file input.csv (CSV, C-alpha atoms)
chain,number,residue,atom,x,y,z
A,106,MET,CA,-13.2,31.2,-55.0
A,107,ARG,CA,-16.8,30.2,-54.4
A,108,GLN,CA,-19.4,32.6,-55.7
A,109,LEU,CA,-21.5,34.5,-53.2
A,110,SER,CA,-24.7,33.0,-54.4
A,111,ALA,CA,-23.4,29.5,-53.7
A,112,TRP,CA,-22.4,30.5,-50.2
A,113,THR,CA,-25.7,32.2,-49.6
A,114,LEU,CA,-27.6,29.0,-50.5
A,115,ALA,CA,-25.4,26.8,-48.4
A,116,ALA,CA,-25.5,29.2,-45.4
A,117,ALA,CA,-29.2,29.6,-45.7
A,118,ALA,CA,-29.7,25.8,-45.6
A,119,VAL,CA,-27.5,25.5,-42.5
A,120,LEU,CA,-29.0,28.4,-40.6
A,121,ALA,CA,-32.6,27.3,-41.5
A,122,ALA,CA,-31.9,24.0,-39.8
A,123,ALA,CA,-30.3,25.6,-36.7
A,124,PRO,CA,-32.1,25.7,-33.4
A,125,PRO,CA,-33.1,29.3,-32.5
A,126,ALA,CA,-30.9,31.6,-30.4
A,127,THR,CA,-32.4,33.5,-27.5
A,128,ALA,CA,-34.7,36.1,-29.0
A,129,VAL,CA,-34.6,39.8,-28.1
A,130,PRO,CA,-38.2,40.9,-27.6
A,131,GLY,CA,-39.3,43.5,-30.0
A,132,THR,CA,-36.3,43.3,-32.3
A,133,THR,CA,-36.7,43.0,-36.0
A,134,PRO,CA,-34.1,43.1,-38.9
A,135,SER,CA,-33.3,46.6,-40.0
A,136,ALA,CA,-30.9,48.5,-42.1
A,137,ASP,CA,-29.2,49.6,-38.9
A,138,CYS,CA,-27.8,46.2,-38.1
A,139,PRO,CA,-24.1,46.3,-37.1
A,140,ARG,CA,-22.0,46.1,-40.3
A,141,LEU,CA,-18.4,44.9,-40.9
A,142,GLY,CA,-15.9,47.3,-42.3
A,143,GLY,CA,-13.7,46.5,-45.3
A,144,GLY,CA,-10.3,45.0,-45.9
A,145,TRP,CA,-11.4,41.4,-46.3
A,146,TYR,CA,-10.4,39.0,-49.1
A,147,GLY,CA,-12.9,38.2,-51.8
A,148,ASP,CA,-16.4,37.8,-50.5
A,149,ASN,CA,-15.3,37.0,-47.0
A,150,ARG,CA,-16.8,40.2,-45.5
A,151,ALA,CA,-20.3,39.3,-47.0
A,152,ARG,CA,-20.0,35.7,-45.8
A,153,LEU,CA,-19.2,36.7,-42.2
A,154,GLN,CA,-21.9,39.4,-42.3
A,155,GLN,CA,-24.5,36.9,-43.2
A,156,VAL,CA,-23.7,34.9,-40.1
A,157,ILE,CA,-23.7,38.0,-38.0
A,158,ASP,CA,-27.1,39.0,-39.4
A,159,ALA,CA,-28.6,35.6,-39.0
A,160,ARG,CA,-27.4,34.8,-35.5
A,161,GLY,CA,-27.4,38.3,-33.9
A,162,THR,CA,-29.7,41.1,-32.9
A,163,CYS,CA,-30.4,41.9,-36.5
A,164,SER,CA,-32.6,38.8,-36.6
A,165,GLY,CA,-33.9,39.1,-33.1
A,166,HIS,CA,-31.3,36.9,-31.4
A,167,ARG,CA,-28.8,37.4,-28.7
A,168,GLY,CA,-26.2,35.2,-26.9
A,169,ALA,CA,-24.6,33.3,-29.8
A,170,VAL,CA,-20.9,32.6,-29.1
A,171,ALA,CA,-17.9,33.7,-31.2
A,172,ALA,CA,-14.5,32.3,-30.2
A,173,PHE,CA,-11.1,33.3,-31.5
A,174,ASP,CA,-7.5,32.2,-31.0
A,175,TRP,CA,-5.3,35.2,-30.1
A,176,ASP,CA,-1.7,35.1,-31.4
A,177,ASN,CA,-1.5,35.6,-35.1
A,178,THR,CA,-5.3,35.5,-35.4
A,179,ILE,CA,-6.2,38.8,-33.7
A,180,THR,CA,-2.6,40.1,-33.6
A,181,LYS,CA,0.4,39.9,-35.9
A,182,ASN,CA,3.0,38.1,-33.7
A,183,ASP,CA,2.8,36.3,-30.4
A,184,VAL,CA,2.1,38.4,-27.2
A,185,THR,CA,3.3,35.7,-24.8
A,186,ASP,CA,6.6,35.6,-26.6
A,187,ALA,CA,6.8,39.4,-26.5
A,188,THR,CA,6.3,39.3,-22.7
A,189,LEU,CA,8.9,36.5,-22.3
A,190,SER,CA,11.3,38.6,-24.3
A,191,TRP,CA,10.7,41.6,-22.1
A,192,ALA,CA,11.1,39.5,-18.9
A,193,LEU,CA,14.4,38.1,-20.2
A,194,ARG,CA,15.8,41.5,-20.9
A,195,HIS,CA,14.7,42.8,-17.5
A,196,ASP,CA,15.7,39.8,-15.3
A,197,ARG,CA,12.1,39.1,-14.2
A,198,LEU,CA,12.3,35.3,-14.2
A,199,LEU,CA,13.2,33.6,-10.9
A,200,ARG,CA,15.7,30.9,-10.5
A,201,PRO,CA,14.1,27.5,-9.9
A,202,ALA,CA,15.5,25.1,-7.3
A,203,ARG,CA,16.0,22.6,-10.1
A,204,TRP,CA,15.3,23.2,-13.8
A,205,LYS,CA,13.8,19.7,-14.1
A,206,ASP,CA,11.0,20.9,-11.8
A,207,THR,CA,9.8,23.5,-14.3
A,208,GLY,CA,8.4,21.1,-16.9
A,209,ALA,CA,6.9,17.6,-16.7
A,210,TRP,CA,8.8,16.4,-19.7
A,211,LEU,CA,12.0,18.4,-19.5
A,212,THR,CA,15.0,16.2,-20.3
A,213,ASP,CA,18.2,15.7,-18.3
A,214,ALA,CA,20.0,17.3,-21.3
A,215,ALA,CA,17.9,20.4,-21.0
A,216,ASP,CA,18.4,20.5,-17.3
A,217,ARG,CA,22.1,20.4,-17.7
A,218,ALA,CA,22.1,22.9,-20.5
A,219,LEU,CA,20.0,25.4,-18.5
A,220,THR,CA,22.1,24.9,-15.3
A,221,THR,CA,25.3,25.4,-17.2
A,222,ALA,CA,24.1,28.5,-19.1
A,223,CYS,CA,22.3,30.1,-16.3
A,224,GLY,CA,24.6,29.3,-13.5
A,225,THR,CA,23.7,28.4,-9.9
A,226,GLY,CA,22.4,30.5,-7.1
A,227,ALA,CA,19.7,30.7,-4.5
A,228,ALA,CA,16.3,29.5,-5.6
A,229,GLY,CA,13.8,32.3,-6.0
A,230,THR,CA,16.3,35.0,-6.8
A,231,PRO,CA,16.2,36.8,-10.2
A,232,LEU,CA,17.9,35.0,-13.1
A,233,PRO,CA,20.5,37.4,-14.6
A,234,THR,CA,19.3,36.8,-18.1
A,235,SER,CA,20.1,40.3,-19.3
A,236,ALA,CA,23.8,39.7,-18.6
A,237,ARG,CA,23.9,36.0,-19.5
A,238,PRO,CA,23.1,35.7,-23.2
A,239,ARG,CA,23.8,32.0,-23.1
A,240,CYS,CA,21.0,31.6,-20.5
A,241,THR,CA,18.6,33.6,-22.6
A,242,ASP,CA,19.7,31.5,-25.7
A,243,GLU,CA,18.8,28.2,-24.0
A,244,ILE,CA,15.4,29.4,-22.8
A,245,VAL,CA,14.5,30.9,-26.2
A,246,GLU,CA,15.7,27.8,-28.1
A,247,ILE,CA,13.7,25.5,-25.9
A,248,ARG,CA,10.6,27.7,-26.3
A,249,GLU,CA,10.9,28.0,-30.0
A,250,ASN,CA,12.3,24.6,-31.1
A,251,ALA,CA,12.0,22.2,-28.1
A,252,THR,CA,15.7,21.6,-28.3
A,253,THR,CA,18.8,22.8,-26.5
A,254,MET,CA,21.4,25.0,-28.2
A,255,SER,CA,23.4,21.9,-28.8
A,256,GLY,CA,20.5,20.3,-30.6
A,257,ALA,CA,19.5,17.8,-27.8
A,258,ALA,CA,15.8,17.1,-27.3
A,259,ALA,CA,14.5,19.4,-24.5
A,260,PHE,CA,11.4,17.3,-23.8
A,261,ALA,CA,10.8,13.6,-23.8
A,262,GLY,CA,8.2,11.1,-22.6
A,263,HIS,CA,4.5,10.6,-23.3
A,264,TRP,CA,1.8,13.2,-23.6
A,265,ASN,CA,-1.3,13.6,-25.7
A,266,HIS,CA,-0.2,15.6,-28.7
A,267,ARG,CA,-3.7,16.9,-29.3
A,268,ARG,CA,-4.1,18.2,-25.7
A,269,THR,CA,-0.8,19.8,-25.0
A,270,VAL,CA,2.7,20.7,-26.3
A,271,PRO,CA,5.4,20.9,-23.6
A,272,GLN,CA,7.1,24.1,-24.8
A,273,TYR,CA,3.8,26.0,-24.7
A,274,ALA,CA,3.0,24.8,-21.2
A,275,TRP,CA,6.6,25.6,-20.1
A,276,VAL,CA,6.3,29.4,-20.6
A,277,PRO,CA,3.8,30.0,-17.8
A,278,GLN,CA,5.9,27.7,-15.7
A,279,LEU,CA,8.9,29.9,-16.2
A,280,PHE,CA,7.0,32.6,-14.3
A,281,ALA,CA,6.7,30.4,-11.2
A,282,GLY,CA,7.1,32.5,-8.0
A,283,ARG,CA,5.6,35.6,-9.5
A,284,THR,CA,2.1,36.7,-9.0
A,285,PRO,CA,-0.4,37.0,-11.8
A,286,ALA,CA,-0.5,40.8,-11.2
A,287,GLU,CA,3.3,40.9,-11.6
A,288,VAL,CA,3.1,39.0,-14.9
A,289,ALA,CA,0.3,41.3,-16.1
A,290,SER,CA,2.6,44.3,-15.4
A,291,TYR,CA,5.3,42.7,-17.5
A,292,ALA,CA,2.7,42.1,-20.3
A,293,ARG,CA,1.7,45.8,-20.1
A,294,ALA,CA,5.3,47.0,-20.4
A,295,ALA,CA,5.9,44.5,-23.3
A,296,ARG,CA,2.7,45.7,-25.0
A,297,ARG,CA,3.7,49.4,-24.9
A,298,GLU,CA,7.1,48.4,-26.3
A,299,ALA,CA,5.8,46.1,-29.0
A,300,LEU,CA,3.1,48.6,-30.2
A,301,ALA,CA,5.6,51.4,-30.4
A,302,ALA,CA,8.2,49.4,-32.3
A,303,PRO,CA,8.2,49.9,-36.1
A,304,LEU,CA,6.2,47.2,-37.9
A,305,GLY,CA,8.4,44.3,-38.7
A,306,ALA,CA,11.2,45.4,-36.3
A,307,THR,CA,13.3,42.6,-34.7
A,308,ARG,CA,15.6,42.3,-31.7
A,309,THR,CA,18.3,39.9,-30.6
A,310,LEU,CA,17.9,37.6,-27.6
A,311,GLY,CA,21.1,35.8,-27.1
A,312,THR,CA,21.9,34.8,-30.7
A,313,HIS,CA,18.2,34.5,-31.7
A,314,THR,CA,16.5,37.1,-33.8
A,315,VAL,CA,12.9,37.6,-32.7
A,316,PRO,CA,10.0,39.9,-33.6
A,317,ALA,CA,10.0,43.2,-31.7
A,318,SER,CA,6.7,44.5,-32.9
A,319,VAL,CA,3.1,43.4,-32.4
A,320,ARG,CA,0.1,44.8,-34.1
A,321,TYR,CA,-3.7,44.3,-33.7
A,322,TYR,CA,-5.3,43.3,-37.0
A,323,ASP,CA,-7.7,46.2,-37.8
A,324,GLN,CA,-10.2,43.8,-39.5
A,325,GLN,CA,-10.2,41.5,-36.5
A,326,ARG,CA,-10.8,44.3,-34.1
A,327,ASP,CA,-13.6,45.5,-36.2
A,328,LEU,CA,-15.1,41.9,-36.4
A,329,VAL,CA,-15.0,41.6,-32.6
A,330,ARG,CA,-16.6,45.0,-32.2
A,331,THR,CA,-19.3,44.2,-34.8
A,332,LEU,CA,-20.1,40.8,-33.2
A,333,ARG,CA,-20.4,42.4,-29.7
A,334,GLN,CA,-22.7,45.1,-31.1
A,335,ALA,CA,-24.8,42.3,-32.6
A,336,GLY,CA,-25.3,40.6,-29.3
A,337,PHE,CA,-22.7,37.9,-29.6
A,338,ARG,CA,-20.7,36.7,-26.6
A,339,VAL,CA,-17.1,36.9,-27.8
A,340,TYR,CA,-14.4,34.8,-26.3
A,341,ILE,CA,-10.6,34.5,-26.7
A,342,VAL,CA,-9.2,31.0,-26.5
A,343,SER,CA,-5.4,31.0,-26.4
A,344,ALA,CA,-2.6,28.6,-25.6
A,345,GLY,CA,-0.7,31.5,-24.0
A,346,SER,CA,-0.5,32.6,-20.4
A,347,LYS,CA,-3.8,33.9,-19.1
A,348,PRO,CA,-2.5,37.1,-17.3
A,349,ILE,CA,-0.6,38.0,-20.4
A,350,THR,CA,-3.5,37.4,-22.9
A,351,GLU,CA,-5.9,39.3,-20.7
A,352,VAL,CA,-3.8,42.5,-21.0
A,353,TRP,CA,-4.1,42.4,-24.7
A,354,SER,CA,-7.7,41.2,-25.1
A,355,ARG,CA,-9.0,43.9,-22.8
A,356,ALA,CA,-8.0,46.5,-25.4
A,357,ILE,CA,-10.5,45.0,-27.9
A,358,GLY,CA,-13.3,44.9,-25.3
A,359,VAL,CA,-12.9,41.2,-24.2
A,360,ASP,CA,-12.7,41.1,-20.5
A,361,ALA,CA,-11.0,38.5,-18.2
A,362,ALA,CA,-14.1,36.4,-17.9
A,363,HIS,CA,-14.2,36.0,-21.7
A,364,THR,CA,-10.5,35.2,-22.0
A,365,ILE,CA,-9.5,31.6,-21.8
A,366,ALA,CA,-5.8,30.7,-21.7
A,367,ILE,CA,-3.4,28.6,-19.6
A,368,ARG,CA,-4.4,29.1,-16.0
A,369,SER,CA,-1.6,28.5,-13.6
A,370,VAL,CA,-2.3,27.0,-10.2
A,371,LEU,CA,-1.4,29.5,-7.4
A,372,ASP,CA,0.2,28.6,-4.1
A,373,GLY,CA,-1.0,29.7,-0.7
A,374,ARG,CA,0.6,33.2,-1.1
A,375,GLY,CA,-1.1,33.7,-4.5
A,376,ARG,CA,2.1,33.0,-6.5
A,377,ILE,CA,2.3,31.1,-9.7
A,378,THR,CA,3.4,27.4,-9.5
A,379,THR,CA,4.6,25.1,-12.2
A,380,ARG,CA,1.2,23.4,-12.4
A,381,ASN,CA,-1.9,24.5,-14.4
A,382,GLU,CA,-5.6,23.9,-14.0
A,383,GLY,CA,-7.0,20.9,-15.8
A,384,CYS,CA,-10.0,20.3,-18.1
A,385,GLY,CA,-12.4,17.5,-19.0
A,386,GLY,CA,-11.7,15.4,-16.0
A,387,VAL,CA,-7.9,15.8,-16.3
A,388,PRO,CA,-6.7,17.2,-12.9
A,389,ALA,CA,-4.3,20.0,-12.3
A,390,SER,CA,-0.9,19.0,-13.7
A,391,ARG,CA,2.3,20.4,-15.2
A,392,GLY,CA,0.7,20.9,-18.6
A,393,ALA,CA,-1.3,17.8,-19.5
A,394,ALA,CA,-4.5,19.6,-20.7
A,395,ILE,CA,-3.9,23.1,-22.0
A,396,PRO,CA,-6.0,25.0,-24.6
A,397,TYR,CA,-4.2,23.3,-27.5
A,398,ILE,CA,-5.9,21.5,-30.5
A,399,ASP,CA,-8.6,19.3,-28.8
A,400,GLY,CA,-7.8,21.1,-25.5
A,401,LYS,CA,-9.3,24.3,-27.0
A,402,ARG,CA,-12.6,22.4,-27.5
A,403,CYS,CA,-12.4,21.1,-24.0
A,404,TRP,CA,-11.9,24.5,-22.4
A,405,ILE,CA,-14.7,26.0,-24.5
A,406,ASN,CA,-17.1,23.3,-23.6
A,407,GLN,CA,-16.1,23.5,-19.9
A,408,GLU,CA,-15.8,27.2,-19.4
A,409,ILE,CA,-18.5,28.5,-21.8
A,410,TYR,CA,-21.1,25.8,-21.9
A,411,GLY,CA,-20.6,24.1,-18.5
A,412,VAL,CA,-19.8,20.7,-20.0
A,413,HIS,CA,-17.6,18.8,-17.6
A,414,GLY,CA,-15.8,15.5,-17.4
A,415,ALA,CA,-14.9,13.3,-20.3
A,416,ARG,CA,-17.8,14.8,-22.3
A,417,ALA,CA,-15.9,18.1,-22.6
A,418,TRP,CA,-13.5,16.5,-25.0
A,419,ARG,CA,-16.3,15.5,-27.5
A,420,ARG,CA,-18.0,17.6,-30.1
A,421,GLN,CA,-21.3,18.9,-28.5
A,422,PRO,CA,-24.8,19.3,-30.0
A,423,TRP,CA,-25.4,22.3,-32.2
A,424,LYS,CA,-26.6,24.6,-29.5
A,425,LEU,CA,-23.5,24.0,-27.4
A,426,ARG,CA,-21.0,25.1,-30.1
A,427,PRO,CA,-19.8,28.6,-31.2
A,428,ALA,CA,-21.6,30.2,-34.1
A,429,LEU,CA,-18.3,31.6,-35.5
A,430,ALA,CA,-14.8,30.6,-34.7
A,431,GLY,CA,-11.4,31.8,-36.0
A,432,GLY,CA,-7.8,30.7,-35.9
A,433,ASP,CA,-4.6,30.5,-37.8
A,434,ALA,CA,-2.8,27.3,-36.8
A,435,ASP,CA,-3.3,23.6,-36.3
A,436,THR,CA,-3.6,24.3,-32.6
A,437,ASP,CA,-7.0,25.9,-33.5
A,438,VAL,CA,-8.4,23.3,-35.9
A,439,THR,CA,-10.7,21.4,-33.6
A,440,PHE,CA,-12.7,24.3,-32.1
A,441,VAL,CA,-12.7,26.2,-35.5
A,442,ALA,CA,-14.2,23.1,-37.1
A,443,ASP,CA,-16.8,23.0,-34.4
A,444,ALA,CA,-18.4,26.3,-35.4
A,445,THR,CA,-21.9,26.1,-36.7
A,446,GLY,CA,-22.0,29.3,-38.8
A,447,ALA,CA,-18.6,30.0,-40.2
A,448,HIS,CA,-15.0,28.7,-39.7
A,449,LEU,CA,-12.7,31.7,-40.2
A,450,VAL,CA,-9.0,30.8,-41.1
A,451,VAL,CA,-6.1,33.2,-41.3
A,452,ASN,CA,-3.8,31.4,-43.8
A,453,ARG,CA,-0.3,30.8,-42.2
A,454,ASN,CA,0.2,27.6,-44.2
A,455,LYS,CA,-0.5,25.3,-41.3
A,456,PRO,CA,-1.3,21.9,-42.8
A,457,GLU,CA,-4.2,20.3,-40.9
A,458,LEU,CA,-6.1,23.6,-40.6
A,459,MET,CA,-5.6,24.4,-44.3
A,460,CYS,CA,-6.5,20.9,-45.4
A,461,ARG,CA,-9.9,21.2,-43.6
A,462,ALA,CA,-10.4,24.8,-44.8
A,463,TYR,CA,-9.7,24.1,-48.5
A,464,ASP,CA,-11.7,20.8,-48.4
A,465,ASP,CA,-14.6,22.9,-47.1
A,466,ALA,CA,-16.7,19.8,-46.3
A,467,ASP,CA,-19.7,21.8,-45.0
A,468,GLY,CA,-19.4,24.9,-47.3
A,469,ARG,CA,-18.7,27.2,-44.4
A,470,TRP,CA,-14.9,27.6,-44.3
A,471,VAL,CA,-13.8,31.2,-44.8
A,472,VAL,CA,-10.1,31.6,-45.7
A,473,ASN,CA,-8.3,34.9,-45.5
A,474,PRO,CA,-4.7,35.8,-46.1
A,475,MET,CA,-2.8,37.3,-43.2
A,476,PHE,CA,-3.9,40.9,-42.9
A,477,ILE,CA,-0.3,42.2,-42.5
A,478,ASP,CA,2.6,40.7,-44.6
A,479,PRO,CA,0.6,37.8,-46.0
A,480,LEU,CA,2.6,34.7,-46.9
A,481,PRO,CA,3.4,33.8,-50.5
A,482,ARG,CA,1.5,31.0,-52.0
A,483,ARG,CA,2.6,27.5,-50.9
A,484,MET,CA,3.8,25.9,-54.1
A,485,ARG,CA,3.4,22.3,-53.0
A,486,PRO,CA,0.0,20.9,-52.1
A,487,TYR,CA,-0.8,20.3,-48.5
A,488,PRO,CA,-0.1,16.6,-47.7
A,489,CYS,CA,-3.7,16.1,-46.4
A,490,ALA,CA,-3.9,12.4,-47.6
A,491,THR,CA,-0.7,11.3,-45.9
A,492,THR,CA,0.9,13.3,-43.0
A,493,ALA,CA,-1.1,16.6,-42.2
A,494,TYR,CA,-2.9,15.1,-39.2
A,495,THR,CA,-1.1,14.6,-35.8
A,496,ALA,CA,-2.4,11.7,-33.8
A,497,PRO,CA,-2.6,11.8,-30.0
A,498,ASP,CA,0.6,9.8,-29.8
A,499,GLY,CA,2.4,12.3,-32.1
A,500,THR,CA,2.5,10.2,-35.3
A,501,PRO,CA,1.4,11.8,-38.6
A,502,GLY,CA,-1.4,10.5,-40.6
A,503,PRO,CA,-4.1,11.5,-43.1
A,504,VAL,CA,-6.8,14.1,-42.4
A,505,ARG,CA,-10.2,12.5,-42.4
A,506,ARG,CA,-13.7,14.0,-42.7
A,507,ALA,CA,-16.4,13.2,-40.2
A,508,ASP,CA,-17.5,10.2,-42.3
A,509,GLY,CA,-14.0,8.7,-42.2
A,510,THR,CA,-13.1,9.5,-45.8
A,511,VAL,CA,-9.6,10.9,-46.4
A,512,VAL,CA,-9.2,14.5,-47.5
A,513,PRO,CA,-7.2,14.7,-50.7
A,514,ASP,CA,-4.1,16.9,-51.0
A,515,GLN,CA,-5.1,20.5,-51.3
A,516,ALA,CA,-3.6,23.4,-53.3
A,517,ASP,CA,-3.0,26.7,-51.7
A,518,THR,CA,-5.4,29.2,-53.4
A,519,VAL,CA,-5.9,32.1,-50.9
A,520,PHE,CA,-2.7,34.0,-50.3
call {"tool": "encode", "arguments": {"input": "input.csv", "output": "structure tokens"}}
result
Amino acid sequence: MRQLSAWTLAAAAVLAAAPPATAVPGTTPSADCPRLGGGWYGDNRARLQQVIDARGTCSGHRGAVAAFDWDNTITKNDVTDATLSWALRHDRLLRPARWKDTGAWLTDAADRALTTACGTGAAGTPLPTSARPRCTDEIVEIRENATTMSGAAAFAGHWNHRRTVPQYAWVPQLFAGRTPAEVASYARAARREALAAPLGATRTLGTHTVPASVRYYDQQRDLVRTLRQAGFRVYIVSAGSKPITEVWSRAIGVDAAHTIAIRSVLDGRGRITTRNEGCGGVPASRGAAIPYIDGKRCWINQEIYGVHGARAWRRQPWKLRPALAGGDADTDVTFVADATGAHLVVNRNKPELMCRAYDDADGRWVVNPMFIDPLPRRMRPYPCATTAYTAPDGTPGPVRRADGTVVPDQADTVF
């Protein structure tokens, strides 16, 4: 673990070279600056506090951006999955006219499996998923593993693997025909249920065992609160459904305007369609550009900094990047790496993210074990030099630094 003095020197050099944030007239550093609470690994609390002090009201600045992934970064377990679970158990999904219409890359095999398991009936009527476990099984298997229950590929074709993943895009599409307000009501019901369930509880969906509980990480709630008190603009950037994520983010003081997630296109009656809004010059589509890996950067650039068109996919100058960013998975690696003050990583053993975190090329990566039920140490090194990076065409390759050099394999040291 790096000593605090080394971090202090590295951070001081970075922050000294930074362009100034918007000054708050008459504000000077004081002992009353917002302070983080405890529960952090090693010297992580002090490292994060230094960025808060340097880029916030404690140093006379206001308006720096902090951006966080949601699922398994702010909460333990996935809130979109919790809502889908509730919807399946309460028959809230509507039958599509044709399953192939629900996803741009859904295969004929998946269409047949869903039709067989879920039966036929009038389009727009509730799917009887509570009474048809085979139907629930097929939907959950496709969501979790991108395969049917028989093992056939559920998605096929060509997509940019750093801009989308079909099974993530598919979940909002399953709510087609419902209004955002209806989906939000399902999310509220699922939230009450998940917060009331004992920590670590599970339930059965079809033959799948899935988490029944969700918990906010106390340390992350405190971090968000401290950042907001220090004048930061805090955003959530999630590859989940926007009406669902908003229900959960509101409880930590992040409103809808500061919650970025998959935004479904609505029809003339205000109902969700199988298309979502686009980013970076990519038009509305059935999932081509969602907040996923490079897509998270695009949505941050577009929605927070007003950068549009092809430029939104590229790393921006220092002043158009978050001061602090946090995530837990490879889907977060691009925007977390863009942060100018600290890159916060919750260690869930995701290869590309952990390769970059442990390589620590700029001295600003802050790695923390999961705050609840942390994973055991990964015994094998992360395959950074060979397969940890996913190319746009989906092929694996080495993780490279900004100068093109290959990151060597990294041992897991924070667990």
call {"tool": "atom_distance", "arguments": {"input": "input.csv", "atom1": "CA of Asp196 in chain A", "atom2": "CA of Ala257 in chain A"}}
result
25.6 Å
call {"tool": "residues_around", "arguments": {"input": "input.csv", "residues": "Arg283 in chain A", "least_positions_apart": "2", "cutoff": "6 Å", "atoms": "only C-alpha atoms", "output": "VMD selection string"}}
result
chain A and resid 280 to 281 376 to 377
call {"tool": "residues_around", "arguments": {"input": "input.csv", "residues": "range 413-430 of chain A", "least_positions_apart": "2", "cutoff": "7 Å", "atoms": "only C-alpha atoms", "output": "number ranges by chain"}}
result
A: 124, 169-173, 385-386, 399, 402-403, 406-407, 410-411, 441, 443-449
call {"tool": "write_last_selection", "arguments": {"input": "input.csv", "atoms": "C-alpha atoms", "output": "compact mmCIF listing (two decimals), keeping the file's coordinate frame"}}
result
# COMPACT_ATOMS: atom_id res chain seq x y z
CA PRO A 124 -32.10 25.70 -33.40
CA ALA A 169 -24.60 33.30 -29.80
CA VAL A 170 -20.90 32.60 -29.10
CA ALA A 171 -17.90 33.70 -31.20
CA ALA A 172 -14.50 32.30 -30.20
CA PHE A 173 -11.10 33.30 -31.50
CA GLY A 385 -12.40 17.50 -19.00
CA GLY A 386 -11.70 15.40 -16.00
CA ASP A 399 -8.60 19.30 -28.80
CA ARG A 402 -12.60 22.40 -27.50
CA CYS A 403 -12.40 21.10 -24.00
CA ASN A 406 -17.10 23.30 -23.60
CA GLN A 407 -16.10 23.50 -19.90
CA TYR A 410 -21.10 25.80 -21.90
CA GLY A 411 -20.60 24.10 -18.50
CA VAL A 441 -12.70 26.20 -35.50
CA ASP A 443 -16.80 23.00 -34.40
CA ALA A 444 -18.40 26.30 -35.40
CA THR A 445 -21.90 26.10 -36.70
CA GLY A 446 -22.00 29.30 -38.80
CA ALA A 447 -18.60 30.00 -40.20
CA HIS A 448 -15.00 28.70 -39.70
CA LEU A 449 -12.70 31.70 -40.20
call {"tool": "closest_residue", "arguments": {"input": "input.csv", "among": "A:Pro481, A:Pro233, A:Gly345, A:Gly208", "to": "Gly392 in chain A", "atoms": "all atoms listed in the file"}}
result
A:Gly208
call {"tool": "closest_residue", "arguments": {"input": "input.csv", "among": "A:Pro513, A:Gly373, A:Gly142, A:Pro396", "to": "Cys489 in chain A", "atoms": "all atoms listed in the file"}}
result
A:Pro513
call {"tool": "atom_distance", "arguments": {"input": "input.csv", "atom1": "CA of Ser235 in chain A", "atom2": "CA of Thr220 in chain A"}}
result
16.0 Å
call {"tool": "closest_residue", "arguments": {"input": "input.csv", "among": "A:Trp210, A:Trp204, A:Tyr321, A:Trp175", "to": "Ser346 in chain A", "atoms": "all atoms listed in the file"}}
result
A:Trp175
call {"tool": "atom_distance", "arguments": {"input": "input.csv", "atom1": "CA of Arg333 in chain A", "atom2": "CA of Ser354 in chain A"}}
result
13.6 Å
call {"tool": "closest_residue", "arguments": {"input": "input.csv", "among": "A:Asn177, A:Val511, A:Asp158, A:Trp191", "to": "Arg308 in chain A", "atoms": "all atoms listed in the file"}}
result
A:Trp191
call {"tool": "closest_residue", "arguments": {"input": "input.csv", "among": "A:Val504, A:Gly282, A:Tyr487, A:Thr185", "to": "Arg374 in chain A", "atoms": "only C-alpha atoms"}}
result
A:Gly282
call {"tool": "residues_around", "arguments": {"input": "input.csv", "residues": "Tyr397 in chain A", "least_positions_apart": "4", "cutoff": "9 Å", "atoms": "only C-alpha atoms", "output": "PDB file with C-alpha atoms, in the coordinates of the input"}}
result
ATOM      1  CA  HIS A 266      -0.200  15.600 -28.700  1.00  0.00           C
ATOM      2  CA  ARG A 267      -3.700  16.900 -29.300  1.00  0.00           C
ATOM      3  CA  ARG A 268      -4.100  18.200 -25.700  1.00  0.00           C
ATOM      4  CA  THR A 269      -0.800  19.800 -25.000  1.00  0.00           C
ATOM      5  CA  VAL A 270       2.700  20.700 -26.300  1.00  0.00           C
ATOM      6  CA  TYR A 273       3.800  26.000 -24.700  1.00  0.00           C
ATOM      7  CA  SER A 343      -5.400  31.000 -26.400  1.00  0.00           C
ATOM      8  CA  ALA A 344      -2.600  28.600 -25.600  1.00  0.00           C
ATOM      9  CA  LYS A 401      -9.300  24.300 -27.000  1.00  0.00           C
ATOM     10  CA  ARG A 402     -12.600  22.400 -27.500  1.00  0.00           C
ATOM     11  CA  ASP A 435      -3.300  23.600 -36.300  1.00  0.00           C
ATOM     12  CA  THR A 436      -3.600  24.300 -32.600  1.00  0.00           C
ATOM     13  CA  ASP A 437      -7.000  25.900 -33.500  1.00  0.00           C
TER      14      ASP A 437
END
call {"tool": "residues_around", "arguments": {"input": "input.csv", "residues": "Met459 in chain A", "least_positions_apart": "5", "cutoff": "10 Å", "atoms": "all atoms listed in the file", "output": "ChimeraX atom specification"}}
result
/A:433-435,438,450-454,464-465,470,472,487,489,493,515-517
call {"tool": "residues_around", "arguments": {"input": "input.csv", "residues": "Asp498 in chain A", "least_positions_apart": "5", "cutoff": "8 Å", "atoms": "all atoms listed in the file", "output": "number ranges by chain"}}
result
A: 263-266
call {"tool": "write_last_selection", "arguments": {"input": "input.csv", "atoms": "C-alpha atoms", "output": "PDB file, in the coordinates of the input"}}
result
ATOM      1  CA  HIS A 263       4.500  10.600 -23.300  1.00  0.00           C
ATOM      2  CA  TRP A 264       1.800  13.200 -23.600  1.00  0.00           C
ATOM      3  CA  ASN A 265      -1.300  13.600 -25.700  1.00  0.00           C
ATOM      4  CA  HIS A 266      -0.200  15.600 -28.700  1.00  0.00           C
TER       5      HIS A 266
END
call {"tool": "closest_residue", "arguments": {"input": "input.csv", "among": "A:Lys455, A:Arg506, A:Arg338, A:Arg380", "to": "Ala442 in chain A", "atoms": "all atoms listed in the file"}}
result
A:Arg506
